[in-house]
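Next comes work.txt, a file with compact mmCIF, C-alpha atoms.
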# COMPACT_ATOMS: atom_id res chain seq x y z
CA MET A 1 -54.77 68.66 31.15
CA CYS A 2 -53.02 71.02 28.75
CA LEU A 3 -50.38 68.38 28.01
CA PHE A 4 -53.11 65.82 27.35
CA LYS A 5 -54.81 68.16 24.83
CA LEU A 6 -51.50 68.87 23.13
CA THR A 7 -50.75 65.15 22.83
CA GLY A 8 -54.20 64.55 21.36
CA VAL A 9 -53.81 67.32 18.77
CA SER A 10 -50.34 66.05 17.80
CA LEU A 11 -51.68 62.53 17.35
CA ILE A 12 -54.56 63.67 15.15
CA LEU A 13 -52.23 65.89 13.12
CA SER A 14 -49.86 62.97 12.58
CA ILE A 15 -52.70 60.73 11.36
CA LEU A 16 -53.98 63.40 8.97
CA LEU A 17 -50.51 64.07 7.63
CA TYR A 18 -50.01 60.35 7.05
CA ILE A 19 -53.29 60.23 5.08
CA ALA A 20 -52.30 63.30 3.05
CA ASP A 21 -48.88 61.84 2.31
CA SER A 22 -50.45 58.66 1.01
CA TYR A 23 -52.12 60.55 -1.87
CA PRO A 24 -50.36 59.72 -5.20
CA ASN A 25 -47.88 62.36 -6.33
CA SER A 26 -49.47 64.49 -9.00
CA ASP A 27 -49.92 68.08 -10.07
CA MET A 28 -51.51 69.83 -7.10
CA THR A 29 -53.71 72.00 -9.31
CA ASN A 30 -55.37 68.89 -10.70
CA MET A 31 -55.92 67.15 -7.38
CA GLY A 32 -59.50 66.04 -6.97
CA CYS A 33 -60.41 66.74 -10.58
CA GLU A 34 -59.90 63.51 -12.44
CA GLU A 35 -57.88 63.52 -15.63
CA CYS A 36 -59.45 63.27 -19.06
CA LYS A 37 -59.65 59.59 -19.93
CA LEU A 38 -61.84 56.74 -21.12
CA ARG A 39 -64.58 55.64 -18.76
CA GLU A 40 -67.25 53.07 -19.37
CA ASN A 41 -70.63 54.46 -20.38
CA LYS A 42 -72.91 52.18 -18.40
CA VAL A 43 -76.01 53.38 -20.27
CA PHE A 44 -74.93 51.83 -23.54
CA SER A 45 -72.57 49.11 -22.39
CA ASN A 46 -73.68 45.48 -22.56
CA PRO A 47 -71.91 42.48 -21.01
CA GLY A 48 -68.89 41.72 -23.16
CA ALA A 49 -69.45 44.84 -25.29
CA PRO A 50 -68.42 47.90 -23.30
CA VAL A 51 -68.89 51.38 -24.75
CA TYR A 52 -66.37 53.95 -23.59
CA GLN A 53 -66.74 57.69 -23.25
CA CYS A 54 -64.18 60.46 -22.78
CA THR A 55 -64.75 62.34 -19.55
CA GLY A 56 -62.54 64.28 -17.17
CA CYS A 57 -60.96 67.61 -16.42
CA CYS A 58 -58.96 69.88 -18.68
CA PHE A 59 -57.15 73.14 -18.14
CA SER A 60 -58.67 76.50 -18.99
CA ARG A 61 -58.20 80.12 -18.03
CA ALA A 62 -59.69 83.57 -18.48
CA TYR A 63 -57.62 86.74 -18.36
CA PRO A 64 -57.74 90.44 -19.41
CA THR A 65 -57.43 90.77 -23.18
CA PRO A 66 -54.06 92.33 -24.07
CA LEU A 67 -54.31 95.74 -25.78
CA ARG A 68 -52.49 94.49 -28.87
CA SER A 69 -55.08 91.69 -29.26
CA LYS A 70 -58.01 94.06 -28.66
CA LYS A 71 -56.89 96.20 -31.59
CA THR A 72 -57.32 93.25 -33.96
CA MET A 73 -60.87 92.43 -32.75
CA LEU A 74 -63.93 93.50 -34.70
CA VAL A 75 -65.78 93.82 -31.40
CA PRO A 76 -63.18 94.40 -28.66
CA LYS A 77 -63.71 92.31 -25.55
CA ASN A 78 -62.19 92.95 -22.13
CA ILE A 79 -61.79 89.28 -21.19
CA THR A 80 -60.28 86.42 -23.18
CA SER A 81 -61.27 82.89 -22.30
CA GLU A 82 -59.07 79.99 -23.37
CA ALA A 83 -60.49 76.56 -22.76
CA THR A 84 -59.70 72.96 -23.56
CA CYS A 85 -62.23 70.18 -23.22
CA CYS A 86 -62.06 66.42 -22.83
CA VAL A 87 -62.96 65.03 -26.26
CA ALA A 88 -62.40 61.83 -28.17
CA LYS A 89 -59.25 61.73 -30.27
CA GLU A 90 -60.28 58.47 -31.89
CA GLY A 91 -63.38 56.33 -31.93
CA LYS A 92 -65.16 53.48 -33.67
CA ARG A 93 -68.68 53.46 -34.94
CA VAL A 94 -70.79 50.77 -33.34
CA VAL A 95 -74.46 49.87 -33.25
CA VAL A 96 -75.91 49.15 -29.84
CA ASP A 97 -79.60 48.24 -29.55
CA ASN A 98 -80.15 49.66 -33.06
CA ILE A 99 -78.61 52.98 -32.02
CA LYS A 100 -75.60 54.28 -33.96
CA LEU A 101 -72.93 55.30 -31.50
CA THR A 102 -69.27 56.24 -31.44
CA ASN A 103 -67.26 54.11 -29.06
CA HIS A 104 -64.38 56.35 -27.95
CA THR A 105 -60.95 54.68 -28.05
CA GLU A 106 -58.63 57.57 -27.19
CA CYS A 107 -59.12 60.87 -25.36
CA HIS A 108 -57.34 64.18 -25.11
CA CYS A 109 -57.83 67.77 -23.97
CA SER A 110 -58.51 69.75 -27.11
CA THR A 111 -60.73 72.35 -28.74
CA CYS A 112 -64.09 73.04 -27.12
CA TYR A 113 -66.74 73.60 -29.76
CA HIS A 114 -69.76 74.01 -27.55
CA HIS A 115 -68.65 76.00 -24.54
CA LYS A 116 -70.10 79.31 -25.65
CA SER A 117 -73.33 80.91 -24.50
CA MET B 1 -62.66 74.27 21.24
CA GLU B 2 -59.17 74.74 19.75
CA LEU B 3 -59.09 71.06 18.89
CA SER B 4 -62.36 71.32 16.91
CA VAL B 5 -61.10 74.36 15.03
CA ALA B 6 -57.80 72.65 14.18
CA MET B 7 -59.56 69.51 13.01
CA CYS B 8 -62.03 71.43 10.89
CA GLY B 9 -59.21 73.40 9.31
CA LEU B 10 -57.22 70.33 8.42
CA LEU B 11 -60.22 68.41 7.13
CA CYS B 12 -61.19 71.36 4.94
CA LEU B 13 -57.65 71.53 3.62
CA LEU B 14 -57.68 67.85 2.72
CA PHE B 15 -61.16 67.64 1.24
CA SER B 16 -60.93 70.89 -0.70
CA GLN B 17 -58.83 68.88 -3.10
CA ALA B 18 -61.93 66.85 -4.01
CA VAL B 19 -63.43 69.72 -6.02
CA PRO B 20 -62.31 71.13 -9.39
CA MET B 21 -59.65 73.75 -8.92
CA CYS B 22 -60.95 76.72 -10.90
CA VAL B 23 -59.89 79.59 -8.67
CA PRO B 24 -58.73 83.21 -8.75
CA THR B 25 -54.98 83.18 -9.36
CA ASP B 26 -52.42 85.96 -9.10
CA TYR B 27 -51.36 87.26 -12.50
CA THR B 28 -49.14 90.08 -13.76
CA LEU B 29 -50.53 92.00 -16.68
CA TYR B 30 -48.05 93.71 -19.02
CA GLU B 31 -49.41 96.60 -21.09
CA GLU B 32 -47.90 99.27 -23.26
CA ARG B 33 -49.33 101.88 -25.60
CA ARG B 34 -47.63 103.11 -28.72
CA GLU B 35 -47.87 106.75 -27.67
CA CYS B 36 -46.68 106.24 -24.08
CA ASP B 37 -43.08 105.89 -22.90
CA PHE B 38 -43.36 102.93 -20.59
CA CYS B 39 -44.58 99.38 -20.40
CA VAL B 40 -46.48 98.76 -17.16
CA ALA B 41 -46.73 95.66 -15.01
CA ILE B 42 -50.00 95.44 -13.08
CA ASN B 43 -50.75 92.79 -10.46
CA THR B 44 -54.25 91.41 -10.79
CA THR B 45 -56.13 88.12 -10.42
CA ILE B 46 -57.45 85.92 -13.22
CA CYS B 47 -59.38 82.66 -13.35
CA MET B 48 -57.40 79.53 -14.00
CA GLY B 49 -57.74 75.83 -13.34
CA PHE B 50 -59.40 72.59 -14.28
CA CYS B 51 -63.02 72.04 -15.22
CA TYR B 52 -64.97 68.87 -15.91
CA SER B 53 -66.06 68.09 -19.46
CA ARG B 54 -67.56 65.12 -21.24
CA ASP B 55 -67.74 64.03 -24.85
CA SER B 56 -70.81 62.37 -26.28
CA ASN B 57 -71.16 58.91 -27.81
CA MET B 58 -74.22 60.15 -29.73
CA LYS B 59 -72.95 63.24 -31.52
CA GLU B 60 -74.19 62.03 -34.91
CA LEU B 61 -77.69 61.42 -33.58
CA ALA B 62 -78.16 63.96 -30.83
CA GLY B 63 -75.58 66.65 -31.69
CA PRO B 64 -74.21 68.55 -28.68
CA ARG B 65 -77.13 67.60 -26.44
CA PHE B 66 -75.17 65.28 -24.17
CA LEU B 67 -71.93 67.20 -24.29
CA ILE B 68 -70.61 68.91 -21.19
CA GLN B 69 -68.12 71.58 -22.08
CA ARG B 70 -67.13 74.24 -19.59
CA GLY B 71 -64.20 76.56 -19.08
CA CYS B 72 -62.78 78.27 -16.02
CA THR B 73 -64.01 81.83 -16.27
CA TYR B 74 -64.87 84.92 -14.25
CA ASP B 75 -67.85 84.76 -11.93
CA GLN B 76 -67.68 88.03 -10.01
CA VAL B 77 -65.46 90.66 -11.58
CA GLU B 78 -64.42 94.13 -10.55
CA TYR B 79 -62.95 96.72 -12.90
CA ARG B 80 -60.05 98.93 -11.81
CA THR B 81 -58.48 101.88 -13.57
CA VAL B 82 -54.88 103.01 -13.44
CA ILE B 83 -53.07 105.94 -14.99
CA LEU B 84 -50.33 104.92 -17.39
CA PRO B 85 -47.10 106.87 -16.87
CA GLY B 86 -45.21 108.72 -19.60
CA CYS B 87 -48.17 109.43 -21.88
CA PRO B 88 -48.36 112.69 -23.88
CA LEU B 89 -51.15 115.21 -23.16
CA HIS B 90 -53.18 114.30 -26.24
CA ALA B 91 -53.22 110.58 -25.35
CA ASN B 92 -55.67 108.88 -22.97
CA PRO B 93 -53.54 107.65 -20.04
CA LEU B 94 -56.31 105.64 -18.40
CA PHE B 95 -56.20 101.86 -18.53
CA THR B 96 -59.08 99.77 -17.20
CA TYR B 97 -58.70 96.09 -16.46
CA PRO B 98 -60.81 93.32 -14.86
CA VAL B 99 -59.98 91.73 -11.50
CA ALA B 100 -61.43 88.30 -10.73
CA LEU B 101 -63.19 88.20 -7.36
CA SER B 102 -64.49 84.69 -7.90
CA CYS B 103 -64.41 82.07 -10.65
CA HIS B 104 -66.53 79.20 -11.84
CA CYS B 105 -66.66 76.49 -14.47
CA GLY B 106 -69.15 77.69 -17.03
CA THR B 107 -69.83 78.58 -20.61
CA CYS B 108 -67.99 81.41 -22.29
CA ASN B 109 -70.22 84.46 -22.67
CA THR B 110 -69.74 85.62 -26.25
CA ASP B 111 -71.33 89.00 -25.46
CA SER B 112 -68.58 90.01 -23.08
CA ASP B 113 -65.71 87.56 -23.59
CA GLU B 114 -63.45 86.56 -26.44
CA CYS B 115 -63.85 82.79 -26.59
CA ALA B 116 -60.59 81.33 -27.84
CA HIS B 117 -60.51 77.70 -28.77
CA LYS B 118 -57.33 76.53 -27.20
CA ALA B 119 -54.94 77.65 -24.45
CA SER B 120 -51.87 79.23 -25.96
CA SER B 121 -48.48 77.76 -25.19
CA GLY B 122 -46.95 81.08 -24.06
CA ASP B 123 -47.73 84.73 -23.52
CA GLY B 124 -45.29 85.99 -26.15
CA ALA B 125 -43.10 89.08 -25.83
CA ARG B 126 -44.22 91.19 -22.88
CA CYS B 127 -42.65 94.61 -23.33
CA SER B 128 -40.71 96.51 -25.90
CA LYS B 129 -40.38 99.62 -23.68
CA PRO B 130 -38.90 100.23 -20.21
CA LEU B 131 -40.93 98.55 -17.50
CA ARG B 132 -42.76 100.31 -14.67
CA GLN B 133 -44.62 98.55 -11.87
CA ILE B 134 -48.09 99.89 -11.09
CA TYR B 135 -49.47 99.52 -7.57
CA PRO B 136 -53.20 100.39 -7.47
CA TYR B 137 -54.48 101.42 -4.07
CA PRO B 138 -55.84 98.34 -2.23
CA GLY B 139 -59.61 98.28 -2.28
CA LEU B 140 -59.81 101.07 -4.82
CA ASN B 141 -62.43 100.44 -7.42
CA ASN B 142 -62.77 103.31 -9.81
CA TYR B 143 -64.16 102.09 -13.07
CA ILE B 144 -64.51 104.95 -15.51
CA PRO B 145 -66.83 104.03 -18.37
CA PRO B 146 -65.28 104.66 -21.77
CA ASN B 147 -66.77 107.50 -23.90

Re-express the file's structure as structure tokens.
Amino acid sequence: MCLFKLTGVSLILSILLYIADSYPNSDMTNMGCEECKLRENKVFSNPGAPVYQCTGCCFSRAYPTPLRSKKTMLVPKNITSEATCCVAKEGKRVVVDNIKLTNHTECHCSTCYHHKS
Amino acid sequence: MELSVAMCGLLCLLFSQAVPMCVPTDYTLYEERRECDFCVAINTTICMGFCYSRDSNMKELAGPRFLIQRGCTYDQVEYRTVILPGCPLHANPLFTYPVALSCHCGTCNTDSDECAHKASSGDGARCSKPLRQIYPYPGLNNYIPPN
């Protein structure tokens, strides 16, 4: 009975390991969080005239503000937050259904302008 | 029973990769004060990882309304205080620093945080004085509010 259970667990483990190994090789910290890239915006896209939008994940971190940096701050803060956001690097102006849009053509992780509260 | 536990553990391990990885991460903080003799290395945890963001096709019309911009930042934080070694009597030897207990993808709170625009490429020079490792007592939380 014990041997049967052990065989069953080994079999399941082997299957799961095979599935895990079949994931594409990539940075483990980015697994599951899709990269910043162009994706079709289905709200504005029409047949033969797709509109693309930059979406995806970018790296950010928050850490204790170093003392030497605190001394230069007008209002010293204990935590420094550094963030990058998925934004369009290039785009083209288009008009879709009388609405002026920007069709993104290239994306990158860069400055976040609206991540403050 | 053991089989169920093993399966759950492995499934959790696999599917945990399907969520953004903004998590508490071990970090060594290097600090030195002009009036003290040593640079100290303190082990703490910070928030680091990847967060989802989205640019807008309608920025000219709607402004930031359809933008999603978030950064990996502290959710629950605990403050700990250590005594810096080699400081003269007239100097304040206490150093208080935040420890990340949990993290989340969210907006940067300008009241409490310095919101930098872009991740720096390196941390720069760490110490100009001899290094000492600080080991705070585990579980000790002794935040002393500044005067």

* Out of A:Cys33, A:Thr65, A:Asp97, A:Asn46, which residue has the shortest atom-to-atom distance to chain B when counting all atoms listed in the file? ->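 Of A:Cys33, A:Thr65, A:Asp97, A:Asn46, the one nearest chain B, counting all atoms listed in the file, is A:Cys33.
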
Region 34-97 of chain A residues near region 63-70 of chain B within 10 Å, closest pair each, using all atoms listed in the file, as a Markdown table:
| residue | atom | partner | partner_atom | distance |
| --- | --- | --- | --- | --- |
| A:Thr55 | CA | B:Ile68 | CA | 9.0 |
| A:Cys57 | CA | B:Arg70 | CA | 9.6 |
| A:Cys58 | CA | B:Arg70 | CA | 9.3 |
| A:Ser60 | CA | B:Arg70 | CA | 8.8 |
| A:Ala83 | CA | B:Arg70 | CA | 7.7 |
| A:Thr84 | CA | B:Arg70 | CA | 8.5 |
| A:Cys85 | CA | B:Gln69 | CA | 6.2 |
| A:Cys86 | CA | B:Gln69 | CA | 8.0 |
| A:Val87 | CA | B:Gln69 | CA | 9.3 |

Would you write out, as a Markdown table, a table of all residues in chain B that have an atom no more than 7 Å from an atom of chain A, listing for each the closest atom pair and the distance in Å to one decimal, considering only C-alpha atoms and ordering rows by chain and rising residue number?
| residue | atom | partner | partner_atom | distance |
| --- | --- | --- | --- | --- |
| B:Leu3 | CA | A:Val9 | CA | 6.5 |
| B:Gln17 | CA | A:Gly32 | CA | 4.8 |
| B:Ala18 | CA | A:Gly32 | CA | 3.9 |
| B:Val19 | CA | A:Gly32 | CA | 5.5 |
| B:Pro20 | CA | A:Cys33 | CA | 4.9 |
| B:Met21 | CA | A:Thr29 | CA | 6.2 |
| B:Glu31 | CA | A:Leu67 | CA | 6.8 |
| B:Ile46 | CA | A:Tyr63 | CA | 5.2 |
| B:Cys47 | CA | A:Ala62 | CA | 5.2 |
| B:Met48 | CA | A:Arg61 | CA | 4.2 |
| B:Gly49 | CA | A:Phe59 | CA | 5.5 |
| B:Phe50 | CA | A:Phe59 | CA | 4.5 |
| B:Cys51 | CA | A:Cys57 | CA | 5.0 |
| B:Tyr52 | CA | A:Cys57 | CA | 4.2 |
| B:Ser53 | CA | A:Cys86 | CA | 5.5 |
| B:Arg54 | CA | A:Thr55 | CA | 4.3 |
| B:Asp55 | CA | A:Val87 | CA | 5.1 |
| B:Ser56 | CA | A:Gln53 | CA | 6.9 |
| B:Asn57 | CA | A:Thr102 | CA | 4.9 |
| B:Met58 | CA | A:Leu101 | CA | 5.3 |
| B:Gln69 | CA | A:His115 | CA | 5.1 |
| B:Arg70 | CA | A:His115 | CA | 5.5 |
| B:Gly71 | CA | A:Ala83 | CA | 5.2 |
| B:Cys72 | CA | A:Arg61 | CA | 5.3 |
| B:Thr73 | CA | A:Ala62 | CA | 5.2 |
| B:Tyr74 | CA | A:Ala62 | CA | 6.8 |
| B:Tyr97 | CA | A:Pro64 | CA | 6.4 |
| B:Pro98 | CA | A:Pro64 | CA | 6.2 |
| B:Thr107 | CA | A:His115 | CA | 4.8 |
| B:Cys108 | CA | A:Lys116 | CA | 4.5 |
| B:Asn109 | CA | A:Ser117 | CA | 5.1 |
| B:Thr110 | CA | A:Ser117 | CA | 6.2 |
| B:Ser112 | CA | A:Lys77 | CA | 5.9 |
| B:Asp113 | CA | A:Ile79 | CA | 4.9 |
| B:Glu114 | CA | A:Thr80 | CA | 4.5 |
| B:Cys115 | CA | A:Ser81 | CA | 5.0 |
| B:Ala116 | CA | A:Glu82 | CA | 4.9 |
| B:His117 | CA | A:Thr111 | CA | 5.4 |
| B:Lys118 | CA | A:Glu82 | CA | 5.4 |
| B:Ala119 | CA | A:Glu82 | CA | 4.9 |

* Asked: Which of these residues is nearest to Val99 (chain B), using all atoms listed in the file: B:Gln133, B:Ser128, B:Thr45, B:Thr81?
  ->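 Among the listed residues, the smallest separation from Val99 (chain B) belongs to B:Thr45.
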
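The spacing separating CA of Asn92 (chain B) from CA of Tyr27 (chain B) amounts to 24.4 Å.
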
* Asked: So how many Å separate CA of Ser102 (chain B) and CA of Cys127 (chain B), to one decimal?
  ->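 Between CA of Ser102 (chain B) and CA of Cys127 (chain B) the gap works out to 28.5 Å.
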
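Coordinates place CA of Leu89 (chain B) at a distance of 10.1 Å from CA of Glu35 (chain B).
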
* Counting all atoms listed in the file, note down every residue that has an atom within 10 Å of the point (-46.9, 104.6, -28.1) (file coordinates), as a ChimeraX atom specification. => /B:32-39,86-88,91,129

* To do: Considering all atoms listed in the file, state which residue in the set A:Pro50, A:Leu11, A:Leu3, A:Lys71 is at the smallest distance from Leu38 (chain A).
  => A:Pro50
